[in-house]
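Enquirer: Sending over a structure as structure tokens; questions will come in a sec.
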Amino acid sequence: MPVPQDGPLLDDAAGRLIRPYTVSDGRTRPTTVLDLLSLVMATGSDPHVPLGPEHTVALELCGGPTSVAEIAAHLRLPAVIAKVLVSDLVDCGAVTAHAPAFHDMPTDRSLLEAVLDGLRRQL
């Protein structure tokens with residue numbers, strides 16, 4: 001669910017109408033340890049604190065497991081600000097966040113080369 005383009009936060013001509021760091025009240029450090037691949041999912045609990053519009057959209061995105069990177073992309077915010085927003089949601093019990101599970105599988109070089117070739121064709 002993308003952020004509405006015609007809402008008060010974004011304007012097609014002007015872009016973001018408020019500075020990204022205003023969204024996090026100037027905070028740049030989350031209280032929860034998160035990386036871009038951390039998976040976030042809504043708990044179904046109502047937050048016990050009022051949420052800002054970006055928090056609300058981020059929470060709506062977390063109906064299923066969603067990475068912090070995806071949340072940042074949908075909100076069109078720097079990753080560090082998205083981490084602060086997600087951290088706020090974790091702190092109020094609205095979402096849970098877990099590091100992704102990595103398996104001890106060797107990286108397939110041919111797969112990585114195919115992905116790189118695909119990306120180059122897109123450019």
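In the structure tokens, the first chain shown is A, the next is B, and so on; residue numbers restart at 1 for each chain, and ligands run from 1 in the order shown.
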Which polymer residues have any atom within 8 Å of an atom of segment 50-55 of chain A, counting only C-alpha atoms, with same-chain residues fewer than 6 positions away left out, as a compact mmCIF listing (two decimals) with N, CA, C and O atoms, in the first residue's frame?
Expert:
```txt
# COMPACT_ATOMS: atom_id res chain seq x y z
N VAL A 23 9.80 13.92 10.52
CA VAL A 23 8.95 12.76 10.73
C VAL A 23 9.35 12.02 12.00
O VAL A 23 8.51 11.50 12.72
N LEU A 75 7.40 4.54 1.99
CA LEU A 75 7.24 5.85 2.62
C LEU A 75 8.08 6.94 1.96
O LEU A 75 7.93 8.11 2.27
N LEU A 85 10.97 4.97 12.84
CA LEU A 85 9.52 4.79 12.85
C LEU A 85 9.16 3.36 13.26
O LEU A 85 8.26 3.15 14.09
N VAL A 86 9.84 2.38 12.68
CA VAL A 86 9.57 0.98 13.03
C VAL A 86 9.89 0.73 14.49
O VAL A 86 9.15 0.05 15.21
N LEU A 89 7.14 1.82 16.59
CA LEU A 89 6.03 0.86 16.54
C LEU A 89 6.32 -0.37 17.38
O LEU A 89 5.42 -0.93 18.01
```
Enquirer: Need the shell around Val90 of chain A: protein/DNA/RNA residues with any atom at most 10 Å away, counting only C-alpha atoms. Skip same-chain ones fewer than 5 positions apart. Format as a PyMOL selection string?
Expert: chain A and resi 31-32+40-43+47+84-85+95-97
Enquirer: If you run DSSP on this backbone, which residues of segment 14-97 of chain A come out as strand (DSSP E or B), and could you give them as a ChimeraX atom specification?
Expert: /A:15-16,39-42,66-67,95-97
Enquirer: Please identify all polymer residues within 7 Å of segment 64-67 of chain A, counting only C-alpha atoms, omitting same-chain residues fewer than 4 positions from it, and present them as a list in words.
Expert: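 Those residues are Leu36, Leu37, Ser38, Leu39, Val40, Met41 and Ile71 of chain A.
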Enquirer: Keeping only N, CA and C atoms, write the selected residues to a file as a CSV table (one decimal), in the first residue's frame.
Expert:
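Okay, again.csv is ready:
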```
chain,number,residue,atom,x,y,z
A,36,LEU,N,18.2,-3.4,7.4
A,36,LEU,CA,17.3,-3.3,6.3
A,36,LEU,C,16.5,-4.5,6.0
A,37,LEU,N,17.0,-5.7,6.4
A,37,LEU,CA,16.4,-6.9,6.1
A,37,LEU,C,15.5,-7.4,7.2
A,38,SER,N,15.5,-6.7,8.3
A,38,SER,CA,14.6,-7.1,9.5
A,38,SER,C,13.2,-7.2,9.0
A,39,LEU,N,12.5,-8.3,9.4
A,39,LEU,CA,11.1,-8.5,9.0
A,39,LEU,C,10.2,-7.9,10.1
A,40,VAL,N,9.3,-7.1,9.7
A,40,VAL,CA,8.4,-6.5,10.6
A,40,VAL,C,7.0,-7.0,10.4
A,41,MET,N,6.2,-7.2,11.4
A,41,MET,CA,4.8,-7.7,11.3
A,41,MET,C,4.0,-7.1,12.4
A,71,ILE,N,9.5,-0.8,3.8
A,71,ILE,CA,8.8,0.2,4.5
A,71,ILE,C,9.4,1.6,4.1
```
Enquirer: Given the choices A:Glu70, A:Glu113, A:Asp35, A:Asp88, which gets closest to Val49 of chain A if the distance is worked out from only C-alpha atoms?
Expert: A:Asp88
Enquirer: Would you mind reading off the distance between atom CA of Gly63 of chain A and atom CA of Ala94 of chain A, one decimal, in Å?
Expert: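 Atom-to-atom, atom CA of Gly63 of chain A to atom CA of Ala94 of chain A, that is 11.0 Å.
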Enquirer: Report, in Å to a single decimal, how far apart atom CA of Ala101 of chain A and atom CA of Asp46 of chain A are.
Expert: 27.6 Å
Enquirer: Point out the residue among A:Arg121, A:His98, A:Arg76, A:Arg109 with the least atom-to-atom distance to Leu34 of chain A, counting only C-alpha atoms.
Expert: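 Of A:Arg121, A:His98, A:Arg76, A:Arg109, the one nearest Leu34 of chain A, counting only C-alpha atoms, is A:His98.
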Enquirer: At what distance in Å, to one decimal, does atom CA of Thr56 of chain A lie from atom CA of Pro100 of chain A?
Expert: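 It comes out at 23.5 Å.
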Enquirer: Taking the chain letters and numbering used in this document, name the residues of segment 26-103 of chain A that DSSP puts in helix (DSSP H, G or I), as number ranges by chain.
Expert: A: 53-61, 68-75, 79-91
